[in-house]
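Below is one structure, written out as structure tokens; the observations come after it.
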Amino acid sequence: MGKNLVEKIIVAHLKSGEMEPGEEITISIDQTLTQDATGTLAYLELEAMGIERVATELSVSYVDHNTLQTGHENADDHRYLRTVAARYGVLFSPPGNGICHQVHLERFGVPGKTLLGSDSHTPTAGGLGMLAIGAGGLDVALAMAGRPFYLFMPAVVRVELSGRLAPWVSAKDVILEVLRKLSVTGGVGKIFEYGGTGVRGLSVPERSTITNMGAELGATSSIFPSDAGTRRFLHAQGREGDWTPLAADRSARYDGELSLDLTYLEPMLALPHSPDNVRKVTEEAGVRVNQVVIGSCTNSSYQDLMRVAEVLKGRRVHPEVELVIAPGSRQVLHMLAQRRALDYLIAAGARILESACGPCIGMGQAPSSGGVSVRTFNRNFKGRSGTPDAVIYLCSAETAVASALAGEITDPRSLGEAIQVPQPQRFWTGEDLIVPPPPHPEKVEVIRGPNIKPLPKFPPLAGEIKGAVLIKVGDNITTDDILPAGAQILPLRSNIPAIAEYTFSQLDPSFAVRAKEQGGGVIVGRANYGQGSSREHAALAPRYLGVRAVITVGFARIHLANLINFGVVPLIFTNPDDYEQIEQGNQVVIQVQDLSGEIVLQNETSGLSIPLTHCLRPREITILRAGGTLNLAKDSL
Ligand code: MIC
Ligand code: SF4
């Protein structure tokens with residue numbers, strides 16, 4: 001029987017296990033990427049493992065999140081990342097080079113290879129035919145140390161694309177339509193493999209817009225075949241030698257199918273406060289807009305921004321709209337400048353930001369109170385923009401620029417004749433802007449600023465978890481809810497005692513104080529707990545405050561792995577309705593000596609016994625018993 005594309009890459013990297021959906025497998029990792037906001041912890045963890053040099057084919061450390069230097073903290077982190085990269089043989093991409101996912105696509109992604117990144121949008125590289133997966137920093141550090149990556153063999157869903165996008169309809173509309181159909185949990189335990197005749201009409205950056213937002217489906221990854229279009233892209237990046245053709249066999253089997261005829265797709269947008277709250281742009285047309293932001297790893301490619309520039313040429317942004325543009329990489333920004341497109345943006349009244357995540361992670365450009373902001377980003381979780389009551393819509397660059405001109409949500413098809421932006425024959429690549437490791441890394445001194453605190457150490461798991469329910473939350477709690485980002489909190493990513501003070505700060509500002517007063521306890525959540533970002537801090541900070549277990553109806557993949565890595569026991573209600581039987585403030589006791597048998601939560605406040613279960617494999621139970629992965633990894637490496 002033939003193989004699908006995902007199986008082909010997994011077979012070539014399989015270290016252990018059977019490729020049956022749900023079975024635990026390990027795969028070797030060819031490349032890793034880290035970004036600064038998760039990278040400082042990842043490299044502290046790597047250092048704690050005591051290795052000499054990374055064992056991957058390629059590892060890159062990007063600085064793209066914490067680029068606002070309002071104090072010494074971020075600059076200290078950048079210096080630490082630069083020196084620790086040099087010390088361990090990692091390439092370093094300094095601030096200003098661009099967003100990790102965009103730069104990785106341009107400079108390093110290779111079809112058929114595996115990539116593990118400490119950022120949930122790592123599957124962006126799936127647009128190039130890579131098997132690219134997001135993970136917590138510790139799992140990425142282990143991969144850098146040469147360890148295989150553990151995952152549960154995902155179900156592979158074929159997404160059959162046919163037809164061709166109509167003018168002004170774009171790749172963003174494709175993935176928004178998939179999100180509308182499947183929701184933020186529709187991809188859990190799955191990899192989406194795109195194929196069909198519709199693929200040909202999509203450029204690599206367009207494919208990557210789609211694989212990028214597969215993260216919002218909760219998917220493990222998303223991938224496109226590597227075809228003539230992939231070859232053209234790599235050729236234009238001066239890397240044709242990295243190309244190999246890659247496609248599913250004709251007789252390949254899939255665990256699910258979805259068909260989408262691109263021809264009939266319309267411009268779409270996601271309404272507050274979830275990327276799956278999707279409607280047609282026509283249904284929202286006319287809503288007044290205060291701010292439009294074009295950028296992020298989803299929509300800031302050369303083609304996206306050239307099209308925006310062509311629309312803005314000779315025009316003026318609506319006087320009541322603030323238009324902000326953050327090009328995805330230095331390559332994009334430089335080429336906009338070379339082709340005079342930057343002039344069009346500036347003259348139209350746009351504010352140009354450096355190539356970085358910026359407003360996508362609340363690093364500046366927070367909207368006004370109650371303001372309506374139309375963004376080309378991938379997440380519109382409440383409060384993520386930095387303004388708690390802002391109204392954030394997600395859409396394509398085309399819809400965004402049409403709305404910036406009109407001052408209200410506008411269907412881009414009203415802009416008239418389509419604008420074609422061909423892929424350049426050659427991109428400007430700025431080869432020397434990425435710093436290679438020196439020839440004698442062992443001589444490098446790793447420099448730590450005062451904001452970089454040592455990793456906290458945790459004892460092995462005790463036989464009993466006893467304490468209060470510190471907080472009870474509902475469905476789809478994001479890691480932004482658990483540990484927010486933004487300009488105030490992000491600089492503390494290397495300082496766990498300091499950042500822990502902000503745990504759940506948007507939902508419940510007294511959480512950290514209460515957790516400390518009560519000497520820790522447990523968290524109760526419902527479905528899809530921990531969706532969104534890969535930040536380990538959302539597991540590590542609660543653990544630092546004494547949280548020993550999280551009890552839910554279900555977990556998001558990366559957050560679940562992070563909880564286990566830091567010794568927090570993830571438990572599941574055997575009967576989801578029992579969620580109602582437990583309240584914040586209740587005192588509970590859970591016996592966890594034997595995680596292989598039935599687990600019972602004694603609610604000492606109500607007197608009820610609640611049966612719990614889990615999805616832990618023996619390997620993960622060993623990690624929990626040891627008090628976390630680091631306690632184990634150090635010995636075994
Ligand atoms: C995000 O988009 O939420 C982030 C910020 O890129 C995160 C990583 C982080 O929290 O540092 C992600 O997506 O994993
Ligand atoms: Fe950066 Fe936003 Fe992409 Fe996260 S989603 S990597 S914050 S641009």
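Note on naming: chains are A, B, ... as they come in the structure tokens, residues start from 1 per chain, ligands start from 1 in the order shown.
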- Message: Can you work out which residues are within 8 Å of ligand 2, considering only C-alpha atoms and all ligand atoms, and then hand them over as a PyMOL selection string?
- Response: chain A and resi 64-65+99-101+119-121+295-298+356-361+377-379+533
- Residues within 6 Å of region 602-613 of chain A, only C-alpha atoms, excluding chain neighbours under 5 positions, as a ChimeraX atom specification: /A:571-574,586-589
- Per DSSP on the backbone, filter region 148-181 of chain A down to the residues in strand (DSSP E or B) and report them as an MDAnalysis selection string. chainID A and resid 149:152 155:162
Could you give me, as a tab-separated table (two decimals) with N, CA and C atoms, in the first residue's frame, the residues within 12 Å of Leu483 (chain A), counting only C-alpha atoms and dropping anything in the same chain fewer than 6 positions from it?
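out_27.tsv was written with the following content:
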chain	number	residue	atom	x	y	z
A	383	GLY	N	-7.69	40.19	25.24
A	383	GLY	CA	-6.61	40.82	26.00
A	383	GLY	C	-5.22	40.68	25.38
A	384	ARG	N	-5.05	39.80	24.39
A	384	ARG	CA	-3.72	39.56	23.83
A	384	ARG	C	-3.12	40.81	23.18
A	477	ILE	N	-9.30	27.41	27.68
A	477	ILE	CA	-8.41	28.37	28.34
A	477	ILE	C	-7.08	28.38	27.58
A	489	ILE	N	5.09	41.97	30.72
A	489	ILE	CA	5.37	40.65	31.29
A	489	ILE	C	6.45	39.89	30.50
A	490	LEU	N	6.46	40.05	29.17
A	490	LEU	CA	7.42	39.28	28.36
A	490	LEU	C	8.88	39.44	28.79
A	492	LEU	N	10.10	39.29	31.46
A	492	LEU	CA	10.41	38.47	32.63
A	492	LEU	C	10.50	36.99	32.31
A	493	ARG	N	10.53	36.66	31.01
A	493	ARG	CA	10.52	35.25	30.62
A	493	ARG	C	11.71	34.45	31.15
A	496	ILE	N	11.72	33.23	36.45
A	496	ILE	CA	10.48	32.52	36.82
A	496	ILE	C	9.85	33.10	38.09
A	498	ALA	N	9.79	36.08	39.15
A	498	ALA	CA	9.13	37.35	38.83
A	498	ALA	C	7.92	37.14	37.93
A	499	ILE	N	8.05	36.28	36.93
A	499	ILE	CA	6.93	36.13	35.98
A	499	ILE	C	5.77	35.37	36.63
A	500	ALA	N	6.10	34.52	37.62
A	500	ALA	CA	5.04	33.73	38.27
A	500	ALA	C	3.99	34.63	38.92
A	501	GLU	N	4.39	35.84	39.30
A	501	GLU	CA	3.44	36.79	39.91
A	501	GLU	C	2.28	37.13	38.98
A	502	TYR	N	2.46	36.90	37.68
A	502	TYR	CA	1.42	37.26	36.70
A	502	TYR	C	0.55	36.07	36.28
A	503	THR	N	0.73	34.93	36.95
A	503	THR	CA	-0.05	33.75	36.58
A	503	THR	C	-1.55	34.06	36.72
A	504	PHE	N	-2.30	33.79	35.68
A	504	PHE	CA	-3.75	34.05	35.61
A	504	PHE	C	-4.12	35.51	35.91
A	505	SER	N	-3.16	36.44	35.74
A	505	SER	CA	-3.42	37.80	36.21
A	505	SER	C	-4.59	38.48	35.50
A	506	GLN	N	-4.89	38.06	34.26
A	506	GLN	CA	-6.03	38.71	33.59
A	506	GLN	C	-7.36	38.15	34.05
A	507	LEU	N	-7.36	36.87	34.43
A	507	LEU	CA	-8.63	36.26	34.85
A	507	LEU	C	-8.88	36.47	36.33
A	508	ASP	N	-7.79	36.50	37.11
A	508	ASP	CA	-7.93	36.52	38.55
A	508	ASP	C	-6.66	37.11	39.17
A	509	PRO	N	-6.61	38.45	39.31
A	509	PRO	CA	-5.37	39.09	39.74
A	509	PRO	C	-4.85	38.62	41.09
A	511	PHE	N	-4.57	35.51	42.04
A	511	PHE	CA	-4.18	34.09	41.98
A	511	PHE	C	-2.83	33.83	42.64
A	512	ALA	N	-1.82	34.59	42.23
A	512	ALA	CA	-0.46	34.29	42.70
A	512	ALA	C	-0.37	34.44	44.23
A	530	GLY	N	-5.23	24.94	27.91
A	530	GLY	CA	-3.86	25.24	27.51
A	530	GLY	C	-3.66	25.38	26.01
A	531	GLN	N	-4.73	25.71	25.28
A	531	GLN	CA	-4.57	25.88	23.83
A	531	GLN	C	-3.70	27.12	23.55
A	532	GLY	N	-3.13	27.15	22.35
A	532	GLY	CA	-2.39	28.34	21.92
A	532	GLY	C	-0.90	28.13	21.96
A	533	SER	N	-0.24	29.01	22.67
A	533	SER	CA	1.22	29.10	22.64
A	533	SER	C	1.91	27.89	23.23
A	534	SER	N	3.20	27.75	22.88
A	534	SER	CA	4.02	26.66	23.40
A	534	SER	C	4.72	27.06	24.70
A	535	ARG	N	4.48	28.28	25.20
A	535	ARG	CA	5.27	28.78	26.33
A	535	ARG	C	5.24	27.83	27.52
A	536	GLU	N	6.43	27.41	27.93
A	536	GLU	CA	6.56	26.51	29.09
A	536	GLU	C	6.18	27.23	30.36
A	537	HIS	N	6.30	28.55	30.31
A	537	HIS	CA	6.02	29.36	31.49
A	537	HIS	C	4.60	29.10	32.01
A	538	ALA	N	3.70	28.71	31.13
A	538	ALA	CA	2.32	28.46	31.55
A	538	ALA	C	2.21	27.19	32.38
A	539	ALA	N	3.26	26.36	32.35
A	539	ALA	CA	3.31	25.19	33.23
A	539	ALA	C	4.27	25.45	34.39
A	540	LEU	N	5.38	26.06	34.06
A	540	LEU	CA	6.44	26.26	35.04
A	540	LEU	C	6.06	27.29	36.12
A	541	ALA	N	5.40	28.37	35.74
A	541	ALA	CA	5.05	29.40	36.73
A	541	ALA	C	4.02	28.86	37.73
A	542	PRO	N	2.93	28.20	37.27
A	542	PRO	CA	2.03	27.60	38.27
A	542	PRO	C	2.76	26.59	39.16
A	559	HIS	N	0.75	22.04	25.71
A	559	HIS	CA	0.67	22.37	27.14
A	559	HIS	C	0.71	21.10	28.00
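Residues of region 409-445 of chain A that DSSP places in helix (DSSP H, G or I), based on the backbone of this structure, are Pro412, Arg413, Ser414, Leu415, Glu431, Asp432, Leu433, Pro441, Glu442 and Lys443 of chain A.
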Could you save those same residues with all heavy atoms as a compact mmCIF listing (two decimals), in the first residue's frame?
# COMPACT_ATOMS: atom_id res chain seq x y z
N PRO A 412 -12.49 43.23 0.09
CA PRO A 412 -11.43 43.70 -0.82
C PRO A 412 -11.82 43.60 -2.29
O PRO A 412 -11.20 44.26 -3.13
CB PRO A 412 -10.24 42.78 -0.49
CG PRO A 412 -10.84 41.57 0.14
CD PRO A 412 -12.08 42.04 0.84
N ARG A 413 -12.84 42.82 -2.61
CA ARG A 413 -13.24 42.71 -4.01
C ARG A 413 -13.76 44.04 -4.54
O ARG A 413 -13.88 44.24 -5.73
CB ARG A 413 -14.28 41.58 -4.18
CG ARG A 413 -13.65 40.20 -3.94
CD ARG A 413 -14.66 39.11 -3.92
NE ARG A 413 -15.59 39.25 -2.79
CZ ARG A 413 -16.53 38.39 -2.49
NH1 ARG A 413 -16.67 37.29 -3.21
NH2 ARG A 413 -17.34 38.60 -1.46
N SER A 414 -14.04 44.99 -3.61
CA SER A 414 -14.49 46.32 -4.04
C SER A 414 -13.31 47.16 -4.54
O SER A 414 -13.50 48.27 -5.03
CB SER A 414 -15.18 47.04 -2.87
OG SER A 414 -14.22 47.26 -1.85
N LEU A 415 -12.08 46.65 -4.41
CA LEU A 415 -10.90 47.43 -4.80
C LEU A 415 -10.68 47.43 -6.32
O LEU A 415 -9.76 48.09 -6.81
CB LEU A 415 -9.64 46.88 -4.11
CG LEU A 415 -9.54 47.15 -2.61
CD1 LEU A 415 -8.39 46.37 -2.00
CD2 LEU A 415 -9.37 48.65 -2.32
N GLU A 431 22.91 37.13 3.27
CA GLU A 431 23.51 35.92 3.89
C GLU A 431 24.22 36.18 5.21
O GLU A 431 24.11 35.41 6.15
CB GLU A 431 24.56 35.30 2.94
CG GLU A 431 24.05 34.93 1.57
CD GLU A 431 23.18 33.70 1.58
OE1 GLU A 431 23.19 32.99 2.59
OE2 GLU A 431 22.48 33.48 0.57
N ASP A 432 24.99 37.30 5.27
CA ASP A 432 25.85 37.49 6.43
C ASP A 432 25.10 38.05 7.64
O ASP A 432 25.70 38.37 8.66
CB ASP A 432 27.03 38.41 6.06
CG ASP A 432 26.56 39.67 5.37
OD1 ASP A 432 25.34 39.78 5.11
OD2 ASP A 432 27.40 40.55 5.10
N LEU A 433 23.78 38.16 7.56
CA LEU A 433 23.03 38.72 8.68
C LEU A 433 22.72 37.69 9.76
O LEU A 433 22.29 38.02 10.85
CB LEU A 433 21.75 39.37 8.18
CG LEU A 433 22.04 40.62 7.33
CD1 LEU A 433 20.81 41.07 6.58
CD2 LEU A 433 22.57 41.74 8.21
N PRO A 441 33.92 26.97 19.69
CA PRO A 441 32.84 27.37 20.60
C PRO A 441 33.21 27.22 22.06
O PRO A 441 32.74 27.99 22.90
CB PRO A 441 31.68 26.45 20.23
CG PRO A 441 32.17 25.50 19.22
CD PRO A 441 33.53 25.89 18.78
N GLU A 442 34.05 26.26 22.39
CA GLU A 442 34.36 26.01 23.80
C GLU A 442 35.03 27.21 24.46
O GLU A 442 35.03 27.35 25.67
CB GLU A 442 35.20 24.72 23.97
CG GLU A 442 36.56 24.68 23.30
CD GLU A 442 36.55 24.55 21.76
OE1 GLU A 442 35.48 24.33 21.17
OE2 GLU A 442 37.63 24.72 21.15
N LYS A 443 35.55 28.14 23.63
CA LYS A 443 36.22 29.32 24.21
C LYS A 443 35.24 30.46 24.50
O LYS A 443 35.63 31.48 25.07
CB LYS A 443 37.28 29.82 23.22
CG LYS A 443 38.39 28.81 22.99
CD LYS A 443 39.63 29.50 22.46
CE LYS A 443 40.74 28.49 22.27
NZ LYS A 443 41.30 28.51 20.92
- Message: Please list as JSON, numbers by chain every residue within 10 Å of Thr70 (chain A), counting only C-alpha atoms and excluding residues in the same chain fewer than 6 positions away.
- Response: {"A": [487, 488, 491]}
Would you export the selected residues with N, CA and C atoms as a PDB file, in the first residue's frame, please?
ATOM      1  N   ALA A 487       4.103  43.744  26.659  1.00  0.00           N
ATOM      2  CA  ALA A 487       5.353  44.472  26.885  1.00  0.00           C
ATOM      3  C   ALA A 487       5.802  44.467  28.344  1.00  0.00           C
ATOM      4  N   GLN A 488       4.849  44.362  29.273  1.00  0.00           N
ATOM      5  CA  GLN A 488       5.221  44.397  30.690  1.00  0.00           C
ATOM      6  C   GLN A 488       5.725  43.034  31.183  1.00  0.00           C
ATOM      7  N   PRO A 491       9.309  40.638  29.196  1.00  0.00           N
ATOM      8  CA  PRO A 491      10.714  40.757  29.594  1.00  0.00           C
ATOM      9  C   PRO A 491      11.098  39.890  30.793  1.00  0.00           C
TER      10      PRO A 491
END
- Which residues, written as a PyMOL selection string, have at least one atom at most 8 Å from region 520-522 of chain A, with only C-alpha atoms counted and residues fewer than 4 positions away on the same chain left out? chain A and resi 465-471+515-516+545-551
Can you spit out the residues from that selection as an mmCIF file, in the first residue's frame, using N, CA, C and O atoms?
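This is the output file out-v9.cif:
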data_model
loop_
_atom_site.group_PDB
_atom_site.id
_atom_site.type_symbol
_atom_site.label_atom_id
_atom_site.label_comp_id
_atom_site.auth_asym_id
_atom_site.auth_seq_id
_atom_site.Cartn_x
_atom_site.Cartn_y
_atom_site.Cartn_z
ATOM 1 N N ILE A 465 -1.423 14.377 46.738
ATOM 2 C CA ILE A 465 -1.534 15.806 46.414
ATOM 3 C C ILE A 465 -2.677 16.343 47.265
ATOM 4 O O ILE A 465 -3.805 15.839 47.195
ATOM 5 N N LYS A 466 -2.374 17.362 48.058
ATOM 6 C CA LYS A 466 -3.382 17.861 49.000
ATOM 7 C C LYS A 466 -3.364 19.385 48.926
ATOM 8 O O LYS A 466 -2.276 19.975 48.935
ATOM 9 N N GLY A 467 -4.506 19.992 48.824
ATOM 10 C CA GLY A 467 -4.523 21.450 48.799
ATOM 11 C C GLY A 467 -5.854 21.983 48.301
ATOM 12 O O GLY A 467 -6.830 21.235 48.155
ATOM 13 N N ALA A 468 -5.865 23.258 48.001
ATOM 14 C CA ALA A 468 -7.114 23.907 47.589
ATOM 15 C C ALA A 468 -7.212 23.953 46.072
ATOM 16 O O ALA A 468 -6.201 23.943 45.372
ATOM 17 N N VAL A 469 -8.442 24.019 45.582
ATOM 18 C CA VAL A 469 -8.660 24.332 44.170
ATOM 19 C C VAL A 469 -8.405 25.837 44.057
ATOM 20 O O VAL A 469 -9.201 26.656 44.529
ATOM 21 N N LEU A 470 -7.270 26.180 43.475
ATOM 22 C CA LEU A 470 -6.850 27.586 43.479
ATOM 23 C C LEU A 470 -7.641 28.413 42.481
ATOM 24 O O LEU A 470 -7.821 29.616 42.639
ATOM 25 N N ILE A 471 -8.071 27.774 41.401
ATOM 26 C CA ILE A 471 -8.903 28.473 40.415
ATOM 27 C C ILE A 471 -9.683 27.424 39.647
ATOM 28 O O ILE A 471 -9.201 26.300 39.438
ATOM 29 N N ALA A 515 -2.184 31.503 45.814
ATOM 30 C CA ALA A 515 -1.462 30.238 45.665
ATOM 31 C C ALA A 515 -0.343 30.166 46.693
ATOM 32 O O ALA A 515 -0.126 29.133 47.336
ATOM 33 N N LYS A 516 0.350 31.298 46.871
ATOM 34 C CA LYS A 516 1.473 31.288 47.815
ATOM 35 C C LYS A 516 0.974 31.154 49.253
ATOM 36 O O LYS A 516 1.504 30.381 50.041
ATOM 37 N N LEU A 545 4.516 28.207 41.816
ATOM 38 C CA LEU A 545 3.609 28.691 42.871
ATOM 39 C C LEU A 545 3.009 27.546 43.688
ATOM 40 O O LEU A 545 2.161 27.770 44.540
ATOM 41 N N GLY A 546 3.391 26.321 43.358
ATOM 42 C CA GLY A 546 2.932 25.185 44.169
ATOM 43 C C GLY A 546 1.798 24.375 43.567
ATOM 44 O O GLY A 546 1.238 23.503 44.241
ATOM 45 N N VAL A 547 1.457 24.629 42.300
ATOM 46 C CA VAL A 547 0.400 23.823 41.676
ATOM 47 C C VAL A 547 0.963 22.435 41.381
ATOM 48 O O VAL A 547 1.993 22.295 40.727
ATOM 49 N N ARG A 548 0.276 21.393 41.897
ATOM 50 C CA ARG A 548 0.781 20.023 41.731
ATOM 51 C C ARG A 548 0.001 19.235 40.689
ATOM 52 O O ARG A 548 0.487 18.229 40.174
ATOM 53 N N ALA A 549 -1.259 19.643 40.424
ATOM 54 C CA ALA A 549 -2.070 18.893 39.454
ATOM 55 C C ALA A 549 -3.023 19.850 38.749
ATOM 56 O O ALA A 549 -3.416 20.878 39.321
ATOM 57 N N VAL A 550 -3.345 19.526 37.514
ATOM 58 C CA VAL A 550 -4.392 20.251 36.785
ATOM 59 C C VAL A 550 -5.420 19.205 36.378
ATOM 60 O O VAL A 550 -5.068 18.168 35.799
ATOM 61 N N ILE A 551 -6.677 19.469 36.720
ATOM 62 C CA ILE A 551 -7.738 18.491 36.457
ATOM 63 C C ILE A 551 -8.699 19.116 35.443
ATOM 64 O O ILE A 551 -9.242 20.199 35.690
#
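Nearest-residue note for Val90 (chain A): choosing from A:Gly126, A:Ser183, A:Pro437, A:Ser385, the minimum distance belongs to A:Pro437, counting only C-alpha atoms.
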- Item | For Asp249 (chain A), the nearest of the candidates A:Val11, A:Val6, A:Cys615, A:Val600, counting only C-alpha atoms | A:Val6
- Item | Near-region 225-242 of chain A list (10 Å; only C-alpha atoms; drop same-chain fewer than 5 positions) as a ChimeraX atom specification | /A:5-6,105-112,126-130,193-196,199-205,207,247-248,423-429
What would the file look like if the residues just selected were written as a PDB file, in the first residue's frame with C-alpha atoms?
ATOM      1  CA  LEU A   5       3.415  12.388   2.669  1.00  0.00           C
ATOM      2  CA  VAL A   6       3.421  12.450   6.462  1.00  0.00           C
ATOM      3  CA  LEU A 105      11.207  29.579   5.405  1.00  0.00           C
ATOM      4  CA  GLU A 106      13.488  31.928   3.509  1.00  0.00           C
ATOM      5  CA  ARG A 107      16.873  30.677   4.716  1.00  0.00           C
ATOM      6  CA  PHE A 108      16.716  27.164   6.154  1.00  0.00           C
ATOM      7  CA  GLY A 109      13.590  25.068   5.600  1.00  0.00           C
ATOM      8  CA  VAL A 110      14.203  21.877   3.578  1.00  0.00           C
ATOM      9  CA  PRO A 111      11.472  19.619   2.147  1.00  0.00           C
ATOM     10  CA  GLY A 112      11.309  16.191   3.763  1.00  0.00           C
ATOM     11  CA  GLY A 126       5.068  22.785   6.400  1.00  0.00           C
ATOM     12  CA  GLY A 127       4.443  25.077   3.432  1.00  0.00           C
ATOM     13  CA  LEU A 128       7.839  23.900   2.160  1.00  0.00           C
ATOM     14  CA  GLY A 129       7.072  20.206   2.663  1.00  0.00           C
ATOM     15  CA  MET A 130       8.801  19.904   6.053  1.00  0.00           C
ATOM     16  CA  GLU A 193      -1.904  17.078   4.591  1.00  0.00           C
ATOM     17  CA  TYR A 194      -2.898  19.371   1.739  1.00  0.00           C
ATOM     18  CA  GLY A 195      -3.071  18.075  -1.812  1.00  0.00           C
ATOM     19  CA  GLY A 196      -5.051  18.191  -5.038  1.00  0.00           C
ATOM     20  CA  VAL A 199      -2.146  23.360  -4.548  1.00  0.00           C
ATOM     21  CA  ARG A 200      -0.453  24.411  -7.774  1.00  0.00           C
ATOM     22  CA  GLY A 201      -1.937  27.904  -7.697  1.00  0.00           C
ATOM     23  CA  LEU A 202      -0.572  28.624  -4.201  1.00  0.00           C
ATOM     24  CA  SER A 203       2.965  29.984  -3.699  1.00  0.00           C
ATOM     25  CA  VAL A 204       5.120  28.720  -0.813  1.00  0.00           C
ATOM     26  CA  PRO A 205       4.378  31.754   1.422  1.00  0.00           C
ATOM     27  CA  ARG A 207       0.892  27.594   1.645  1.00  0.00           C
ATOM     28  CA  ALA A 247       4.262  13.857  -2.668  1.00  0.00           C
ATOM     29  CA  ALA A 248       1.851  11.267  -1.363  1.00  0.00           C
ATOM     30  CA  GLN A 423       7.395  35.877  -7.022  1.00  0.00           C
ATOM     31  CA  PRO A 424      10.747  37.574  -7.718  1.00  0.00           C
ATOM     32  CA  GLN A 425      13.315  35.696  -9.790  1.00  0.00           C
ATOM     33  CA  ARG A 426      15.761  36.234  -6.923  1.00  0.00           C
ATOM     34  CA  PHE A 427      15.104  37.344  -3.386  1.00  0.00           C
ATOM     35  CA  TRP A 428      17.684  39.492  -1.639  1.00  0.00           C
ATOM     36  CA  THR A 429      19.054  37.162   1.004  1.00  0.00           C
TER      37      THR A 429
END
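Residue nearest ligand 1, chosen from A:Val592, A:Ile582, A:Ile27, A:Leu33 and counting only C-alpha atoms and all ligand atoms: A:Leu33.
In this model, the gap between CA of Ile210 (chain A) and CA of Lys280 (chain A) comes to 17.5 Å.
Residue nearest ligand 1 within the list A:Val444, A:Val188, A:Ala135, A:Ala48: A:Ala135 [criterion: smallest interatomic distance, only C-alpha atoms and all ligand atoms].
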- Shortest contact to ligand 1, candidates A:Gln31, A:Thr211, A:Gln593, A:Thr478, atoms counted only C-alpha atoms and all ligand atoms, goes to A:Thr478
- Item | Surrounding residues of region 264-270 of chain A excluding itself and chain neighbours under 3 positions, 9 Å, only C-alpha atoms, as a VMD selection string | chain A and resid 163 to 166 168 to 170 172 to 174 176 to 177 180 260 to 261 273 to 282 284 380 392 to 396 398 to 399 411 to 413
- Message: Rounded to one decimal, what separation in Å do you get between CA of Pro167 (chain A) and CA of Leu262 (chain A)?
- Response: 11.1 Å
- Message: Counting only C-alpha atoms, which residue out of A:Asn565, A:Phe555, A:Asp577, A:Leu305 sits closest to Gly137 (chain A)?
- Response: A:Asn565
